[in-house]
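Source file: upload.cif (mmCIF, C-alpha atoms)
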data_run
#
loop_
_atom_site.label_atom_id
_atom_site.label_comp_id
_atom_site.auth_asym_id
_atom_site.auth_seq_id
_atom_site.Cartn_x
_atom_site.Cartn_y
_atom_site.Cartn_z
CA MET A 14 -15.70 78.73 309.30
CA ARG A 15 -13.19 81.46 310.00
CA ALA A 16 -15.07 84.00 307.88
CA ALA A 17 -18.38 83.15 309.58
CA PHE A 18 -16.79 83.48 313.02
CA GLU A 19 -15.05 86.76 312.19
CA ASP A 20 -18.21 88.28 310.71
CA ALA A 21 -20.40 87.17 313.63
CA LEU A 22 -17.85 88.41 316.18
CA ALA A 23 -17.55 91.81 314.46
CA PHE A 24 -21.35 92.11 314.35
CA ALA A 25 -21.68 91.14 318.02
CA LYS A 26 -19.12 93.73 319.09
CA ARG A 27 -20.63 96.48 316.94
CA GLU A 28 -24.42 96.05 317.13
CA GLY A 29 -26.73 96.61 320.06
CA CYS A 30 -29.90 95.46 318.30
CA GLY A 31 -32.00 97.99 320.21
CA GLY A 32 -30.26 97.42 323.54
CA PRO A 33 -27.86 99.70 325.39
CA HIS A 34 -24.80 97.47 324.85
CA PRO A 35 -23.34 95.43 321.99
CA VAL A 36 -24.96 91.99 321.82
CA ILE A 37 -21.67 90.25 322.64
CA HIS A 38 -22.54 91.01 326.28
CA ASN A 39 -25.55 88.67 326.02
CA GLN A 40 -24.80 85.16 327.27
CA SER A 41 -26.61 83.43 324.40
CA VAL A 42 -24.60 85.36 321.82
CA ALA A 43 -21.32 84.71 323.63
CA ASP A 44 -22.20 81.00 323.90
CA ARG A 45 -22.77 80.80 320.14
CA LEU A 46 -19.48 82.55 319.43
CA ILE A 47 -17.63 80.24 321.83
CA GLU A 48 -19.17 77.19 320.16
CA MET A 49 -18.19 78.53 316.74
CA LYS A 50 -14.59 79.11 317.82
CA MET A 51 -14.27 75.67 319.44
CA LYS A 52 -15.55 73.91 316.31
CA LEU A 53 -13.32 76.02 314.07
CA GLU A 54 -10.18 75.27 316.11
CA THR A 55 -11.05 71.58 316.52
CA ALA A 56 -11.37 71.25 312.74
CA ARG A 57 -8.10 73.13 312.25
CA PHE A 58 -6.16 71.01 314.77
CA LEU A 59 -7.60 67.74 313.46
CA THR A 60 -6.64 68.74 309.93
CA TRP A 61 -3.09 69.65 310.99
CA LYS A 62 -2.75 66.38 312.92
CA ALA A 63 -4.04 64.40 309.93
CA ALA A 64 -1.68 66.15 307.52
CA SER A 65 1.28 65.55 309.83
CA ALA A 66 0.45 61.85 310.30
CA PHE A 67 -0.03 61.46 306.54
CA ASP A 68 3.35 63.08 305.85
CA VAL A 69 5.20 61.06 308.50
CA SER A 70 3.69 57.81 307.20
CA GLN A 71 4.54 58.77 303.61
CA GLY A 72 0.88 58.55 302.62
CA GLU A 73 -0.06 55.41 304.53
CA ALA A 74 -1.98 56.97 307.45
CA ALA A 75 -5.22 58.18 305.89
CA GLU A 76 -7.55 57.62 308.88
CA GLY A 77 -7.02 61.15 310.18
CA CYS A 78 -7.58 62.61 306.72
CA TRP A 79 -10.96 60.90 306.42
CA MET A 80 -11.96 62.00 309.93
CA ALA A 81 -10.83 65.57 309.24
CA LYS A 82 -12.85 65.67 306.01
CA VAL A 83 -16.00 64.43 307.71
CA TYR A 84 -15.68 66.48 310.90
CA ALA A 85 -14.63 69.76 309.29
CA SER A 86 -17.22 69.63 306.52
CA GLU A 87 -20.05 68.97 308.97
CA ALA A 88 -18.75 71.50 311.48
CA SER A 89 -18.58 74.15 308.76
CA MET A 90 -22.33 73.98 308.26
CA GLU A 91 -22.92 74.19 312.02
CA VAL A 92 -20.56 77.16 312.39
CA VAL A 93 -22.17 79.13 309.57
CA LEU A 94 -25.64 78.53 311.03
CA LEU A 95 -24.45 79.61 314.50
CA GLY A 96 -23.02 82.78 312.96
CA MET A 97 -26.29 83.47 311.22
CA ALA A 98 -28.09 83.03 314.54
CA VAL A 99 -25.83 85.69 316.07
CA VAL A 100 -26.43 88.14 313.23
CA GLY A 101 -30.13 87.34 312.79
CA MET A 102 -32.12 88.34 309.73
CA GLU A 103 -29.36 90.68 308.57
CA SER A 104 -27.34 87.52 307.80
CA TYR A 105 -29.61 86.90 304.78
CA SER A 106 -28.70 90.23 303.25
CA GLU A 107 -26.59 90.12 300.11
CA ARG A 108 -24.35 92.68 301.85
CA GLN A 109 -23.29 89.88 304.17
CA ARG A 110 -21.04 86.92 303.33
CA PHE A 111 -23.37 84.47 305.06
CA PRO A 112 -25.52 83.53 302.03
CA ARG A 113 -22.40 82.49 300.07
CA LEU A 114 -20.83 80.81 303.11
CA LEU A 115 -24.02 78.82 303.68
CA ARG A 116 -24.12 77.63 300.05
CA ASP A 117 -20.45 76.65 300.18
CA ALA A 118 -20.74 74.89 303.55
CA ALA A 119 -23.82 72.94 302.42
CA CYS A 120 -21.90 71.26 299.59
CA LEU A 121 -18.87 70.19 301.66
CA PRO A 122 -20.47 67.11 303.31
CA LEU A 123 -21.60 65.99 299.83
CA PHE A 124 -18.33 66.60 297.99
CA ASP A 125 -15.88 63.85 297.02
CA GLY A 126 -18.22 60.92 297.54
CA GLY A 127 -20.01 62.43 300.50
CA ASN A 128 -19.45 61.90 304.20
CA VAL A 129 -21.74 58.88 304.35
CA GLY A 130 -19.61 57.22 301.68
CA VAL A 131 -16.36 58.13 303.43
CA ARG A 132 -17.66 56.70 306.70
CA ARG A 133 -18.85 53.50 305.05
CA ARG A 134 -16.14 52.86 302.46
CA GLU A 135 -13.09 54.07 304.31
CA LEU A 136 -13.56 54.34 308.05
CA GLN A 137 -15.84 51.36 308.59
CA ARG A 138 -13.61 49.15 306.46
CA LEU A 139 -10.58 50.36 308.42
CA PHE A 140 -12.28 49.67 311.77
CA GLU A 141 -13.28 46.16 310.61
CA SER A 142 -9.68 45.26 309.80
CA GLU A 143 -8.03 42.77 312.18
CA SER A 144 -4.86 44.88 312.13
CA TYR A 145 -6.63 48.15 313.03
CA ASP A 146 -4.90 49.96 315.90
CA PRO A 147 -7.39 52.42 317.45
CA LEU A 148 -4.57 54.43 319.06
CA ALA A 149 -2.31 54.68 316.02
CA PHE A 150 -3.68 58.01 314.79
CA ALA A 151 -3.49 59.58 318.24
CA TYR A 152 -0.08 58.28 319.27
CA GLY A 153 1.56 56.80 316.20
CA ALA A 154 1.67 53.25 314.90
CA GLY A 155 2.62 50.48 317.30
CA THR A 156 1.99 52.40 320.53
CA SER A 157 -1.11 50.63 321.81
CA GLU A 158 0.76 47.79 323.49
#
Would you give me this structure, written as structure tokens?
Amino acid sequence: MRAAFEDALAFAKREGCGGPHPVIHNQSVADRLIEMKMKLETARFLTWKAASAFDVSQGEAAEGCWMAKVYASEASMEVVLLGMAVVGMESYSERQRFPRLLRDAACLPLFDGGNVGVRRRELQRLFESESYDPLAFAYGAGTSE
């Protein structure tokens, strides 16, 4: 995600695409870059939060890890496609990193049992549990009273 954002941002600041100014001055390009950055940072923060909760719980709190895997892997595909939309047809060039980033991002939702499996096997089962605390990941165990 970071590489796609950095490449799209550099392109948007450098290229005018026939216009008098770099395309970053176009609202639609800026909107795509903003969306990319928000998804990138959300995935990063969720991953950090999940890793911290997992460490503090000594490996017991896996809910955040499953959510981070699903969210970040799906967001990666969206971010790469948004970056390609900023760059346009040039993004298909082998001189660009986008073809490789797209291939890599496409496999992430399928990897390690796939996101559908993680949702069904892990998260749904967790949510069905009588002892499930929906605020535990956000605030720590035992804080929903």
Box along x, y and z, 8 Å on every side, all listed atoms of range 46-58 of chain A inside: centre and edge lengths in Å to one decimal, as JSON.
{"center_x": -12.8, "center_y": 76.8, "center_z": 317.0, "size_x": 29.3, "size_y": 27.5, "size_z": 25.6}
For range 94-106 of chain A, work out the shell of residues within 10 Å, counting all atoms listed in the file and skipping chain neighbours fewer than 4 positions away, then give it as a CSV table (one decimal) with C-alpha atoms, in the coordinates of the input.
chain,number,residue,atom,x,y,z
A,14,MET,CA,-15.7,78.7,309.3
A,16,ALA,CA,-15.1,84.0,307.9
A,17,ALA,CA,-18.4,83.2,309.6
A,18,PHE,CA,-16.8,83.5,313.0
A,19,GLU,CA,-15.0,86.8,312.2
A,20,ASP,CA,-18.2,88.3,310.7
A,21,ALA,CA,-20.4,87.2,313.6
A,22,LEU,CA,-17.8,88.4,316.2
A,23,ALA,CA,-17.6,91.8,314.5
A,24,PHE,CA,-21.4,92.1,314.4
A,25,ALA,CA,-21.7,91.1,318.0
A,28,GLU,CA,-24.4,96.0,317.1
A,30,CYS,CA,-29.9,95.5,318.3
A,36,VAL,CA,-25.0,92.0,321.8
A,37,ILE,CA,-21.7,90.2,322.6
A,41,SER,CA,-26.6,83.4,324.4
A,42,VAL,CA,-24.6,85.4,321.8
A,43,ALA,CA,-21.3,84.7,323.6
A,44,ASP,CA,-22.2,81.0,323.9
A,45,ARG,CA,-22.8,80.8,320.1
A,46,LEU,CA,-19.5,82.6,319.4
A,48,GLU,CA,-19.2,77.2,320.2
A,49,MET,CA,-18.2,78.5,316.7
A,88,ALA,CA,-18.8,71.5,311.5
A,89,SER,CA,-18.6,74.2,308.8
A,90,MET,CA,-22.3,74.0,308.3
A,110,ARG,CA,-21.0,86.9,303.3
A,111,PHE,CA,-23.4,84.5,305.1
A,112,PRO,CA,-25.5,83.5,302.0
A,113,ARG,CA,-22.4,82.5,300.1
A,114,LEU,CA,-20.8,80.8,303.1
A,115,LEU,CA,-24.0,78.8,303.7
A,118,ALA,CA,-20.7,74.9,303.6
Response to the item:
note - CA of Asp68 in chain A and CA of Tyr145 in chain A are separated by 19.3 Å
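Across A:His38, A:Arg134, A:Arg27, A:Lys52, the tightest approach to Glu87 in chain A is made by A:Lys52 when counting only C-alpha atoms.
Computed from the coordinates, the CA of Thr60 in chain A to CA of Gln109 in chain A distance equals 27.5 Å.
Using only C-alpha atoms for every distance, the candidate list A:Glu91, A:Cys120, A:Trp79, A:Ala151 yields A:Trp79 as the residue closest to Gln137 in chain A.
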Contacts of range 62-97 of chain A with range 122-129 of chain A up to 8 Å, shortest pair per row, only C-alpha atoms, as a Markdown table:
| residue | atom | partner | partner_atom | distance |
| --- | --- | --- | --- | --- |
| A:Lys82 | CA | A:Asn128 | CA | 7.8 |
| A:Val83 | CA | A:Asn128 | CA | 5.5 |
| A:Ser86 | CA | A:Pro122 | CA | 5.2 |
| A:Glu87 | CA | A:Pro122 | CA | 6.0 |
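Across the structure, CA of Tyr152 in chain A and CA of Ala66 in chain A are spaced 9.7 Å apart.
Nearest residue to Glu135 in chain A among A:Leu148, A:Glu107, A:Gly29, A:Met80 is A:Met80, counting all atoms listed in the file.
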Worksheet entry | Polymer residues at most 12 Å from Phe58 in chain A, only C-alpha atoms, same-chain spacing of 6 or more positions, as an MDAnalysis selection string | chainID A and resid 51:52 64:65 77:78 80:81 84:85
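Proximity ranking of A:Ala63, A:Val93, A:Ala74, A:Ile47 relative to Ala119 in chain A places A:Val93 first, based on all atoms listed in the file.
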Item to complete: Counting only C-alpha atoms, find the residues whose atoms lie at most 12 Å from (-0.8, 52.1, 313.3) (file coordinates) and write them out as a PyMOL selection string.
Response: chain A and resi 66-67+69-70+73-77+139-140+142-158
For range 64-83 of chain A, where the input has fewer atoms than it should, I would like N, CA and C atoms rebuilt and written as a PDB file, keeping the file's coordinate frame.
ATOM      1  N   ALA A  64      -2.702  65.859 308.533  1.00  0.00           N
ATOM      2  CA  ALA A  64      -1.680  66.150 307.520  1.00  0.00           C
ATOM      3  C   ALA A  64      -0.301  65.716 308.006  1.00  0.00           C
ATOM      4  N   SER A  65      -0.009  65.963 309.268  1.00  0.00           N
ATOM      5  CA  SER A  65       1.280  65.550 309.830  1.00  0.00           C
ATOM      6  C   SER A  65       1.428  64.035 309.823  1.00  0.00           C
ATOM      7  N   ALA A  66       0.400  63.323 310.277  1.00  0.00           N
ATOM      8  CA  ALA A  66       0.450  61.850 310.300  1.00  0.00           C
ATOM      9  C   ALA A  66       0.582  61.300 308.887  1.00  0.00           C
ATOM     10  N   PHE A  67      -0.102  61.903 307.936  1.00  0.00           N
ATOM     11  CA  PHE A  67      -0.030  61.460 306.540  1.00  0.00           C
ATOM     12  C   PHE A  67       1.383  61.658 306.000  1.00  0.00           C
ATOM     13  N   ASP A  68       1.990  62.812 306.304  1.00  0.00           N
ATOM     14  CA  ASP A  68       3.350  63.080 305.850  1.00  0.00           C
ATOM     15  C   ASP A  68       4.359  62.113 306.475  1.00  0.00           C
ATOM     16  N   VAL A  69       4.262  61.936 307.789  1.00  0.00           N
ATOM     17  CA  VAL A  69       5.200  61.060 308.500  1.00  0.00           C
ATOM     18  C   VAL A  69       5.101  59.625 307.986  1.00  0.00           C
ATOM     19  N   SER A  70       3.891  59.186 307.669  1.00  0.00           N
ATOM     20  CA  SER A  70       3.690  57.810 307.200  1.00  0.00           C
ATOM     21  C   SER A  70       3.927  57.664 305.698  1.00  0.00           C
ATOM     22  N   GLN A  71       4.326  58.742 305.066  1.00  0.00           N
ATOM     23  CA  GLN A  71       4.540  58.770 303.610  1.00  0.00           C
ATOM     24  C   GLN A  71       3.287  58.315 302.853  1.00  0.00           C
ATOM     25  N   GLY A  72       2.143  58.801 303.311  1.00  0.00           N
ATOM     26  CA  GLY A  72       0.880  58.550 302.620  1.00  0.00           C
ATOM     27  C   GLY A  72       0.130  57.317 303.062  1.00  0.00           C
ATOM     28  N   GLU A  73       0.597  56.637 304.075  1.00  0.00           N
ATOM     29  CA  GLU A  73      -0.060  55.410 304.530  1.00  0.00           C
ATOM     30  C   GLU A  73      -1.173  55.678 305.551  1.00  0.00           C
ATOM     31  N   ALA A  74      -1.032  56.702 306.359  1.00  0.00           N
ATOM     32  CA  ALA A  74      -1.980  56.970 307.450  1.00  0.00           C
ATOM     33  C   ALA A  74      -3.081  57.915 306.968  1.00  0.00           C
ATOM     34  N   ALA A  75      -4.139  57.358 306.434  1.00  0.00           N
ATOM     35  CA  ALA A  75      -5.220  58.180 305.890  1.00  0.00           C
ATOM     36  C   ALA A  75      -6.400  58.315 306.856  1.00  0.00           C
ATOM     37  N   GLU A  76      -6.419  57.564 307.951  1.00  0.00           N
ATOM     38  CA  GLU A  76      -7.550  57.620 308.880  1.00  0.00           C
ATOM     39  C   GLU A  76      -7.852  59.042 309.323  1.00  0.00           C
ATOM     40  N   GLY A  77      -6.826  59.773 309.724  1.00  0.00           N
ATOM     41  CA  GLY A  77      -7.020  61.150 310.180  1.00  0.00           C
ATOM     42  C   GLY A  77      -7.546  62.047 309.079  1.00  0.00           C
ATOM     43  N   CYS A  78      -7.103  61.804 307.856  1.00  0.00           N
ATOM     44  CA  CYS A  78      -7.580  62.610 306.720  1.00  0.00           C
ATOM     45  C   CYS A  78      -9.075  62.414 306.514  1.00  0.00           C
ATOM     46  N   TRP A  79      -9.531  61.167 306.596  1.00  0.00           N
ATOM     47  CA  TRP A  79     -10.960  60.900 306.420  1.00  0.00           C
ATOM     48  C   TRP A  79     -11.759  61.528 307.561  1.00  0.00           C
ATOM     49  N   MET A  80     -11.247  61.403 308.793  1.00  0.00           N
ATOM     50  CA  MET A  80     -11.960  62.000 309.930  1.00  0.00           C
ATOM     51  C   MET A  80     -11.986  63.513 309.815  1.00  0.00           C
ATOM     52  N   ALA A  81     -10.880  64.112 309.386  1.00  0.00           N
ATOM     53  CA  ALA A  81     -10.830  65.570 309.240  1.00  0.00           C
ATOM     54  C   ALA A  81     -11.817  66.036 308.176  1.00  0.00           C
ATOM     55  N   LYS A  82     -11.908  65.296 307.072  1.00  0.00           N
ATOM     56  CA  LYS A  82     -12.850  65.670 306.010  1.00  0.00           C
ATOM     57  C   LYS A  82     -14.285  65.642 306.524  1.00  0.00           C
ATOM     58  N   VAL A  83     -14.633  64.568 307.210  1.00  0.00           N
ATOM     59  CA  VAL A  83     -16.000  64.430 307.710  1.00  0.00           C
ATOM     60  C   VAL A  83     -16.287  65.473 308.788  1.00  0.00           C
TER      61      VAL A  83
END
